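A.B. asks: Below is the file final02.txt, which contains compact mmCIF, N, CA and C atoms.
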# COMPACT_ATOMS: atom_id res chain seq x y z
N MET A 4 -0.17 -9.77 75.00
CA MET A 4 0.28 -10.89 74.25
C MET A 4 0.85 -10.42 72.92
N SER A 5 2.03 -10.97 72.60
CA SER A 5 2.66 -10.56 71.35
C SER A 5 2.15 -11.40 70.21
N GLU A 6 2.14 -10.80 69.10
CA GLU A 6 1.63 -11.47 67.91
C GLU A 6 2.81 -12.15 67.21
N GLU A 7 2.62 -13.35 66.67
CA GLU A 7 3.68 -14.10 65.99
C GLU A 7 3.79 -13.62 64.55
N ILE A 8 5.04 -13.25 64.15
CA ILE A 8 5.28 -12.75 62.79
C ILE A 8 6.23 -13.72 62.11
N ASN A 9 5.88 -14.14 60.90
CA ASN A 9 6.73 -15.03 60.11
C ASN A 9 7.29 -14.24 58.93
N CYS A 10 8.61 -14.33 58.76
CA CYS A 10 9.27 -13.67 57.64
C CYS A 10 9.45 -14.69 56.53
N PRO A 11 8.87 -14.49 55.36
CA PRO A 11 9.01 -15.48 54.29
C PRO A 11 10.40 -15.48 53.66
N ALA A 12 11.15 -14.36 53.75
CA ALA A 12 12.47 -14.29 53.11
C ALA A 12 13.50 -15.10 53.87
N CYS A 13 13.53 -14.97 55.21
CA CYS A 13 14.56 -15.67 55.96
C CYS A 13 13.98 -16.79 56.82
N ARG A 14 12.70 -17.00 56.75
CA ARG A 14 11.99 -18.04 57.50
C ARG A 14 12.17 -17.89 59.00
N PHE A 15 12.25 -16.67 59.45
CA PHE A 15 12.40 -16.40 60.88
C PHE A 15 11.04 -16.15 61.48
N ALA A 16 10.75 -16.91 62.50
CA ALA A 16 9.45 -16.76 63.16
C ALA A 16 9.64 -16.03 64.48
N ASN A 17 8.81 -15.06 64.71
CA ASN A 17 8.85 -14.33 65.95
C ASN A 17 7.93 -15.03 66.94
N SER A 18 8.48 -16.00 67.60
CA SER A 18 7.67 -16.72 68.57
C SER A 18 8.31 -16.59 69.93
N SER A 19 7.67 -17.10 70.92
CA SER A 19 8.16 -16.97 72.28
C SER A 19 9.20 -18.02 72.63
N GLU A 20 9.42 -19.02 71.80
CA GLU A 20 10.39 -20.07 72.09
C GLU A 20 11.77 -19.66 71.56
N PRO A 21 12.78 -19.43 72.44
CA PRO A 21 14.11 -18.98 71.98
C PRO A 21 14.84 -20.05 71.17
N GLU A 22 14.63 -21.33 71.46
CA GLU A 22 15.31 -22.39 70.71
C GLU A 22 14.90 -22.38 69.24
N GLN A 23 13.63 -22.15 68.99
CA GLN A 23 13.14 -22.12 67.62
C GLN A 23 13.73 -20.92 66.88
N LYS A 24 13.83 -19.77 67.56
CA LYS A 24 14.42 -18.58 66.94
C LYS A 24 15.87 -18.84 66.56
N LEU A 25 16.63 -19.43 67.49
CA LEU A 25 18.05 -19.69 67.26
C LEU A 25 18.23 -20.68 66.12
N GLU A 26 17.44 -21.74 66.11
CA GLU A 26 17.57 -22.76 65.06
C GLU A 26 17.21 -22.19 63.71
N LEU A 27 16.18 -21.41 63.63
CA LEU A 27 15.79 -20.81 62.36
C LEU A 27 16.81 -19.79 61.88
N ALA A 28 17.40 -19.03 62.79
CA ALA A 28 18.41 -18.04 62.41
C ALA A 28 19.67 -18.71 61.91
N LEU A 29 20.10 -19.82 62.52
CA LEU A 29 21.31 -20.52 62.08
C LEU A 29 21.12 -21.17 60.73
N THR A 30 19.99 -21.77 60.48
CA THR A 30 19.78 -22.41 59.17
C THR A 30 19.66 -21.38 58.07
N ALA A 31 19.12 -20.22 58.38
CA ALA A 31 18.98 -19.18 57.36
C ALA A 31 20.34 -18.58 57.02
N ALA A 32 21.21 -18.40 58.03
CA ALA A 32 22.51 -17.79 57.77
C ALA A 32 23.47 -18.76 57.07
N GLY A 33 23.40 -20.01 57.34
CA GLY A 33 24.34 -20.98 56.77
C GLY A 33 23.85 -21.66 55.52
N ARG A 34 22.93 -21.08 54.80
CA ARG A 34 22.36 -21.73 53.63
C ARG A 34 23.16 -21.52 52.36
N LYS A 35 24.26 -20.76 52.39
CA LYS A 35 25.02 -20.46 51.17
C LYS A 35 25.59 -21.75 50.59
N ALA A 36 25.35 -21.93 49.33
CA ALA A 36 25.85 -23.11 48.64
C ALA A 36 27.33 -22.92 48.32
N GLY A 37 28.01 -23.94 47.85
CA GLY A 37 29.42 -23.87 47.49
C GLY A 37 29.65 -22.98 46.29
N PRO A 38 30.92 -22.86 45.85
CA PRO A 38 31.22 -21.99 44.71
C PRO A 38 30.61 -22.56 43.43
N THR A 39 30.26 -21.65 42.55
CA THR A 39 29.69 -22.07 41.27
C THR A 39 30.81 -22.54 40.35
N LEU A 40 30.44 -23.13 39.26
CA LEU A 40 31.42 -23.65 38.32
C LEU A 40 32.25 -22.53 37.69
N ILE A 41 31.63 -21.40 37.41
CA ILE A 41 32.36 -20.29 36.81
C ILE A 41 33.37 -19.70 37.80
N GLU A 42 33.03 -19.64 39.11
CA GLU A 42 33.98 -19.17 40.11
C GLU A 42 35.17 -20.12 40.22
N PHE A 43 34.91 -21.39 40.11
CA PHE A 43 35.99 -22.38 40.14
C PHE A 43 36.94 -22.20 38.96
N PHE A 44 36.39 -22.00 37.75
CA PHE A 44 37.23 -21.83 36.57
C PHE A 44 38.02 -20.52 36.60
N ILE A 45 37.44 -19.47 37.16
CA ILE A 45 38.16 -18.20 37.29
C ILE A 45 39.34 -18.37 38.25
N GLY A 46 39.11 -19.03 39.37
CA GLY A 46 40.21 -19.29 40.31
C GLY A 46 41.30 -20.14 39.69
N LEU A 47 40.91 -21.16 38.92
CA LEU A 47 41.87 -22.01 38.24
C LEU A 47 42.68 -21.23 37.20
N ALA A 48 42.02 -20.32 36.49
CA ALA A 48 42.73 -19.51 35.50
C ALA A 48 43.74 -18.58 36.17
N ILE A 49 43.38 -18.00 37.31
CA ILE A 49 44.30 -17.11 38.02
C ILE A 49 45.52 -17.88 38.50
N ILE A 50 45.33 -19.06 39.04
CA ILE A 50 46.45 -19.89 39.49
C ILE A 50 47.33 -20.29 38.30
N GLY A 51 46.72 -20.60 37.18
CA GLY A 51 47.48 -20.95 35.98
C GLY A 51 48.34 -19.80 35.47
N ILE A 52 47.78 -18.59 35.49
CA ILE A 52 48.54 -17.43 35.03
C ILE A 52 49.72 -17.16 35.96
N LEU A 53 49.50 -17.24 37.26
CA LEU A 53 50.60 -17.03 38.21
C LEU A 53 51.68 -18.09 38.06
N ALA A 54 51.29 -19.32 37.81
CA ALA A 54 52.28 -20.38 37.62
C ALA A 54 53.07 -20.15 36.33
N ALA A 55 52.41 -19.69 35.28
CA ALA A 55 53.11 -19.43 34.01
C ALA A 55 54.11 -18.30 34.15
N ILE A 56 53.84 -17.35 35.03
CA ILE A 56 54.78 -16.26 35.25
C ILE A 56 55.96 -16.73 36.10
N ALA A 57 55.71 -17.55 37.10
CA ALA A 57 56.74 -17.92 38.07
C ALA A 57 57.67 -19.02 37.58
N ILE A 58 57.20 -20.00 36.85
CA ILE A 58 58.01 -21.17 36.51
C ILE A 58 59.18 -20.84 35.57
N PRO A 59 59.02 -20.06 34.51
CA PRO A 59 60.20 -19.78 33.67
C PRO A 59 61.30 -19.01 34.39
N ASN A 60 60.95 -18.17 35.35
CA ASN A 60 61.96 -17.40 36.07
C ASN A 60 62.73 -18.24 37.07
N ARG A 61 62.21 -19.40 37.43
CA ARG A 61 62.87 -20.24 38.42
C ARG A 61 64.24 -20.71 37.93
N SER A 62 64.37 -21.06 36.67
CA SER A 62 65.65 -21.53 36.15
C SER A 62 66.67 -20.40 36.11
N ARG A 63 66.23 -19.17 35.84
CA ARG A 63 67.15 -18.04 35.79
C ARG A 63 67.61 -17.62 37.18
N ARG A 64 66.75 -17.79 38.18
CA ARG A 64 67.10 -17.39 39.53
C ARG A 64 68.23 -18.24 40.09
N HIS A 65 68.40 -19.46 39.60
CA HIS A 65 69.37 -20.38 40.19
C HIS A 65 70.81 -19.98 39.87
N GLY A 66 71.14 -19.73 38.61
CA GLY A 66 72.53 -19.49 38.23
C GLY A 66 72.92 -18.03 38.13
N HIS A 67 71.97 -17.15 37.92
CA HIS A 67 72.29 -15.75 37.67
C HIS A 67 72.91 -15.04 38.88
N PRO A 68 72.40 -15.20 40.09
CA PRO A 68 73.06 -14.53 41.23
C PRO A 68 74.47 -15.04 41.49
N ARG A 69 74.72 -16.30 41.23
CA ARG A 69 76.08 -16.84 41.41
C ARG A 69 77.03 -16.23 40.40
N MET A 70 76.54 -16.00 39.19
CA MET A 70 77.38 -15.38 38.17
C MET A 70 77.69 -13.93 38.57
N LYS A 71 76.70 -13.20 39.09
CA LYS A 71 76.94 -11.83 39.54
C LYS A 71 77.93 -11.80 40.71
N ALA A 72 77.83 -12.76 41.62
CA ALA A 72 78.78 -12.83 42.74
C ALA A 72 80.18 -13.14 42.23
N CYS A 73 80.28 -13.98 41.21
CA CYS A 73 81.58 -14.31 40.64
C CYS A 73 82.21 -13.08 39.99
N PHE A 74 81.40 -12.27 39.29
CA PHE A 74 81.91 -11.05 38.68
C PHE A 74 82.36 -10.06 39.76
N ALA A 75 81.63 -10.01 40.88
CA ALA A 75 82.04 -9.14 41.99
C ALA A 75 83.37 -9.61 42.57
N ASN A 76 83.55 -10.93 42.67
CA ASN A 76 84.83 -11.47 43.15
C ASN A 76 85.97 -11.09 42.20
N GLN A 77 85.69 -11.08 40.91
CA GLN A 77 86.72 -10.70 39.94
C GLN A 77 87.12 -9.24 40.12
N ARG A 78 86.13 -8.37 40.41
CA ARG A 78 86.45 -6.96 40.66
C ARG A 78 87.28 -6.80 41.94
N VAL A 79 86.96 -7.61 42.97
CA VAL A 79 87.73 -7.56 44.22
C VAL A 79 89.16 -8.00 43.95
N LEU A 80 89.34 -9.06 43.18
CA LEU A 80 90.70 -9.52 42.84
C LEU A 80 91.46 -8.45 42.05
N ALA A 81 90.79 -7.83 41.10
CA ALA A 81 91.45 -6.79 40.30
C ALA A 81 91.87 -5.62 41.18
N GLY A 82 91.02 -5.22 42.13
CA GLY A 82 91.37 -4.14 43.04
C GLY A 82 92.54 -4.50 43.93
N ALA A 83 92.55 -5.73 44.44
CA ALA A 83 93.65 -6.17 45.30
C ALA A 83 94.97 -6.21 44.52
N ILE A 84 94.93 -6.67 43.29
CA ILE A 84 96.15 -6.72 42.46
C ILE A 84 96.64 -5.30 42.15
N GLU A 85 95.70 -4.39 41.88
CA GLU A 85 96.09 -3.01 41.60
C GLU A 85 96.72 -2.36 42.82
N MET A 86 96.15 -2.58 44.01
CA MET A 86 96.75 -2.04 45.23
C MET A 86 98.13 -2.63 45.49
N TYR A 87 98.26 -3.94 45.25
CA TYR A 87 99.55 -4.61 45.43
C TYR A 87 100.59 -4.00 44.49
N ASN A 88 100.21 -3.81 43.23
CA ASN A 88 101.14 -3.24 42.24
C ASN A 88 101.54 -1.82 42.60
N MET A 89 100.63 -1.03 43.18
CA MET A 89 100.96 0.36 43.54
C MET A 89 101.85 0.42 44.78
N ASP A 90 101.66 -0.52 45.72
CA ASP A 90 102.43 -0.50 46.97
C ASP A 90 103.82 -1.09 46.83
N ARG A 91 104.02 -1.99 45.92
CA ARG A 91 105.29 -2.72 45.80
C ARG A 91 106.04 -2.27 44.55
N ASN A 92 107.29 -2.61 44.52
CA ASN A 92 108.09 -2.32 43.34
C ASN A 92 107.94 -3.42 42.29
N GLU A 93 107.34 -4.54 42.67
CA GLU A 93 107.13 -5.64 41.72
C GLU A 93 105.69 -5.61 41.22
N MET A 94 105.47 -6.15 40.07
CA MET A 94 104.14 -6.14 39.45
C MET A 94 103.64 -7.58 39.30
N ILE A 95 102.36 -7.75 39.49
CA ILE A 95 101.72 -9.05 39.22
C ILE A 95 101.22 -8.99 37.78
N HIS A 96 101.68 -9.93 36.96
CA HIS A 96 101.33 -9.92 35.54
C HIS A 96 100.26 -10.95 35.19
N ASN A 97 100.15 -12.01 35.98
CA ASN A 97 99.12 -13.01 35.70
C ASN A 97 98.55 -13.55 37.02
N LEU A 98 97.38 -14.14 36.95
CA LEU A 98 96.68 -14.60 38.15
C LEU A 98 96.64 -16.12 38.17
N ASN A 99 96.98 -16.69 39.33
CA ASN A 99 96.82 -18.12 39.57
C ASN A 99 96.59 -18.31 41.07
N GLU A 100 96.53 -19.53 41.53
CA GLU A 100 96.25 -19.82 42.94
C GLU A 100 97.34 -19.26 43.86
N ASP A 101 98.59 -19.31 43.42
CA ASP A 101 99.69 -18.79 44.24
C ASP A 101 99.56 -17.28 44.44
N VAL A 102 99.12 -16.56 43.42
CA VAL A 102 98.96 -15.11 43.53
C VAL A 102 97.82 -14.78 44.50
N ILE A 103 96.74 -15.56 44.45
CA ILE A 103 95.63 -15.33 45.39
C ILE A 103 96.11 -15.57 46.82
N ASP A 104 96.90 -16.63 47.04
CA ASP A 104 97.45 -16.88 48.37
C ASP A 104 98.39 -15.75 48.81
N LEU A 105 99.18 -15.22 47.89
CA LEU A 105 100.08 -14.10 48.19
C LEU A 105 99.28 -12.86 48.60
N LEU A 106 98.17 -12.60 47.93
CA LEU A 106 97.33 -11.44 48.26
C LEU A 106 96.68 -11.59 49.63
N VAL A 107 96.34 -12.82 50.01
CA VAL A 107 95.77 -13.06 51.34
C VAL A 107 96.85 -12.87 52.40
N GLU A 108 98.05 -13.43 52.16
CA GLU A 108 99.15 -13.30 53.13
C GLU A 108 99.58 -11.84 53.29
N SER A 109 99.53 -11.06 52.23
CA SER A 109 99.94 -9.66 52.27
C SER A 109 98.82 -8.74 52.77
N LYS A 110 97.68 -9.32 53.15
CA LYS A 110 96.53 -8.58 53.71
C LYS A 110 95.83 -7.68 52.70
N TYR A 111 95.95 -7.99 51.42
CA TYR A 111 95.18 -7.27 50.42
C TYR A 111 93.80 -7.90 50.22
N LEU A 112 93.66 -9.14 50.67
CA LEU A 112 92.38 -9.84 50.70
C LEU A 112 92.17 -10.38 52.11
N LYS A 113 90.94 -10.34 52.60
CA LYS A 113 90.66 -10.89 53.93
C LYS A 113 90.69 -12.41 53.92
N ALA A 114 90.19 -12.99 52.85
CA ALA A 114 90.13 -14.45 52.72
C ALA A 114 90.31 -14.81 51.26
N LYS A 115 90.52 -16.08 51.02
CA LYS A 115 90.70 -16.56 49.65
C LYS A 115 89.39 -16.42 48.88
N VAL A 116 89.45 -15.84 47.72
CA VAL A 116 88.27 -15.61 46.89
C VAL A 116 88.02 -16.87 46.05
N VAL A 117 86.80 -17.40 46.16
CA VAL A 117 86.45 -18.60 45.40
C VAL A 117 85.12 -18.40 44.69
N CYS A 118 84.92 -19.14 43.64
CA CYS A 118 83.66 -19.16 42.92
C CYS A 118 82.78 -20.23 43.56
N TYR A 119 81.59 -19.84 44.01
CA TYR A 119 80.72 -20.76 44.74
C TYR A 119 79.72 -21.47 43.86
N ASP A 120 80.05 -21.74 42.64
CA ASP A 120 79.13 -22.50 41.79
C ASP A 120 79.43 -23.98 41.92
N SER A 121 78.60 -24.79 41.34
CA SER A 121 78.80 -26.24 41.38
C SER A 121 78.87 -26.75 39.95
N PRO A 122 79.97 -27.20 39.46
CA PRO A 122 81.29 -27.29 40.06
C PRO A 122 81.92 -25.90 40.15
N PRO A 123 82.79 -25.70 41.15
CA PRO A 123 83.36 -24.35 41.32
C PRO A 123 84.31 -23.99 40.19
N GLY A 124 84.32 -22.70 39.85
CA GLY A 124 85.20 -22.21 38.81
C GLY A 124 86.54 -21.79 39.39
N LYS A 125 87.52 -21.69 38.54
CA LYS A 125 88.86 -21.23 38.93
C LYS A 125 89.10 -19.87 38.26
N TYR A 126 89.76 -18.98 39.01
CA TYR A 126 90.06 -17.66 38.47
C TYR A 126 91.41 -17.70 37.76
N PHE A 127 91.46 -17.06 36.61
CA PHE A 127 92.70 -16.98 35.83
C PHE A 127 92.73 -15.64 35.11
N SER A 128 93.86 -15.30 34.52
CA SER A 128 93.97 -14.03 33.82
C SER A 128 94.22 -14.27 32.34
N THR A 129 93.71 -13.34 31.56
CA THR A 129 94.00 -13.32 30.13
C THR A 129 94.68 -12.00 29.83
N GLY A 130 95.87 -12.05 29.30
CA GLY A 130 96.64 -10.84 29.03
C GLY A 130 97.45 -10.45 30.25
N ASP A 131 98.16 -9.36 30.15
CA ASP A 131 99.02 -8.86 31.21
C ASP A 131 98.19 -7.99 32.15
N LEU A 132 98.09 -8.40 33.42
CA LEU A 132 97.27 -7.66 34.39
C LEU A 132 97.87 -6.30 34.73
N ALA A 133 99.17 -6.11 34.52
CA ALA A 133 99.79 -4.81 34.77
C ALA A 133 99.41 -3.81 33.67
N GLN A 134 98.96 -4.31 32.54
CA GLN A 134 98.56 -3.43 31.43
C GLN A 134 97.03 -3.37 31.35
N ASP A 135 96.44 -4.20 30.51
CA ASP A 135 94.98 -4.19 30.35
C ASP A 135 94.42 -5.61 30.29
N GLY A 136 95.02 -6.52 31.06
CA GLY A 136 94.53 -7.90 31.09
C GLY A 136 93.22 -8.01 31.86
N LEU A 137 92.56 -9.13 31.70
CA LEU A 137 91.27 -9.39 32.35
C LEU A 137 91.36 -10.59 33.27
N ILE A 138 90.59 -10.56 34.33
CA ILE A 138 90.43 -11.71 35.22
C ILE A 138 89.15 -12.42 34.80
N SER A 139 89.23 -13.73 34.64
CA SER A 139 88.08 -14.51 34.20
C SER A 139 87.90 -15.72 35.11
N CYS A 140 86.75 -16.34 34.99
CA CYS A 140 86.42 -17.57 35.73
C CYS A 140 86.17 -18.67 34.70
N THR A 141 86.62 -19.87 35.01
CA THR A 141 86.40 -20.97 34.08
C THR A 141 84.93 -21.32 33.96
N ARG A 142 84.13 -20.99 34.95
CA ARG A 142 82.70 -21.34 34.95
C ARG A 142 81.82 -20.22 34.39
N HIS A 143 82.15 -18.94 34.69
CA HIS A 143 81.27 -17.82 34.32
C HIS A 143 81.88 -16.86 33.30
N GLY A 144 83.17 -16.97 33.03
CA GLY A 144 83.81 -16.03 32.12
C GLY A 144 84.11 -14.73 32.84
N ASN A 145 83.91 -13.60 32.16
CA ASN A 145 84.10 -12.28 32.79
C ASN A 145 82.94 -11.38 32.36
N PRO A 146 82.78 -10.19 32.97
CA PRO A 146 81.63 -9.36 32.64
C PRO A 146 81.57 -8.94 31.16
N GLU A 147 82.72 -8.82 30.50
CA GLU A 147 82.72 -8.45 29.07
C GLU A 147 82.37 -9.63 28.18
N ASN A 148 82.65 -10.84 28.63
CA ASN A 148 82.39 -12.04 27.82
C ASN A 148 81.86 -13.14 28.75
N PRO A 149 80.60 -13.03 29.21
CA PRO A 149 80.06 -14.03 30.17
C PRO A 149 79.77 -15.36 29.51
N ILE A 150 79.86 -16.40 30.29
CA ILE A 150 79.49 -17.75 29.86
C ILE A 150 78.12 -18.03 30.43
N ASN A 151 77.18 -18.52 29.64
CA ASN A 151 75.82 -18.79 30.08
C ASN A 151 75.83 -19.91 31.13
N PRO A 152 75.36 -19.64 32.37
CA PRO A 152 75.41 -20.68 33.41
C PRO A 152 74.41 -21.81 33.20
N ASP A 153 73.39 -21.61 32.35
CA ASP A 153 72.39 -22.65 32.11
C ASP A 153 72.87 -23.69 31.12
N SER A 154 73.94 -23.40 30.40
CA SER A 154 74.41 -24.38 29.40
C SER A 154 75.41 -25.34 29.99
Give the structure from the file, written as structure tokens.

C.D. replies:
Amino acid sequence: MSEEINCPACRFANSSEPEQKLELALTAAGRKAGPTLIEFFIGLAIIGILAAIAIPNRSRRHGHPRMKACFANQRVLAGAIEMYNMDRNEMIHNLNEDVIDLLVESKYLKAKVVCYDSPPGKYFSTGDLAQDGLISCTRHGNPENPINPDS
């Protein structure tokens, strides 16, 4: 005959009835109380810090990539105009919509280059492009003189 042993720490009784053993083992294992107040405040502080880091960057993420894409489009236009000027006997001195269409028709551009901001910007030139003129956008400016997209 086995002797019955009671554990005071986990309240587990070594008896011959398996149901009693199972019930005592389940109640002992699931006795953990909920989180304490200090654990709750630490979790809340961590969430607050992460939100403070993420929220200010959200406004910058919206307009900044579009401005970088617009500057890349300006470099593509400048390269296409330079190739056109080297291949032809005529020079392009200023940029407008007709010149962009001419570059597409002459296969110097695959497609019409547009600024994808809302409202979309228009590309134009300042100065003589055959010399040292710049291509700019009405919405973003140019890389040397950018216009703040948040304003």

A.B. asks: Restricting the calculation to only C-alpha atoms, which member of A:His96, A:Lys110, A:Lys125, A:Lys115 is positioned closest to A:Gly144?

C.D. replies: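 Selected residue with least distance to A:Gly144: A:Lys125.
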
A.B. asks: Can you tell me how far atom CA of A:Val102 sits from atom CA of A:Ala72, in Å to one decimal?

C.D. replies: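 So the answer is 20.3 Å.
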
A.B. asks: So what do you get for atom CA of A:Ser109 versus atom CA of A:Gly130, distance-wise?

C.D. replies: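 Computing the Euclidean distance for atom CA of A:Ser109 and atom CA of A:Gly130 yields 23.5 Å.
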
A.B. asks: Write out as a list in words each polymer residue whose atoms come within 8 Å of stretch 117-122 of chain A, counting all atoms listed in the file; drop sequence neighbours fewer than 2 positions from it.

C.D. replies: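 Listed by chain and then number, they are Arg69, Met70, Ala72, Cys73, Asn76, Ala114, Lys115, Gly124, Lys125, Tyr126, Cys140 and Arg142 of chain A.
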
A.B. asks: Would you please work out which residue, of A:Ala36, A:Ala55, A:Ala133, A:Val107, is nearest to A:Met89 when using only C-alpha atoms?

C.D. replies: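 Looking at the shortest contact to A:Met89, the residue is A:Ala133.
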
A.B. asks: What is the atom C of A:Glu85-atom N of A:Leu137 distance in Å, reported with one decimal?

C.D. replies: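 The value is 13.7 Å.
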
A.B. asks: With only N, CA and C atoms as the atoms that count, which of A:Phe44, A:Tyr111, A:Ile95, A:Ile150 lies nearest to A:Val79?

C.D. replies: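 For A:Val79, the nearest of the given residues is A:Tyr111.
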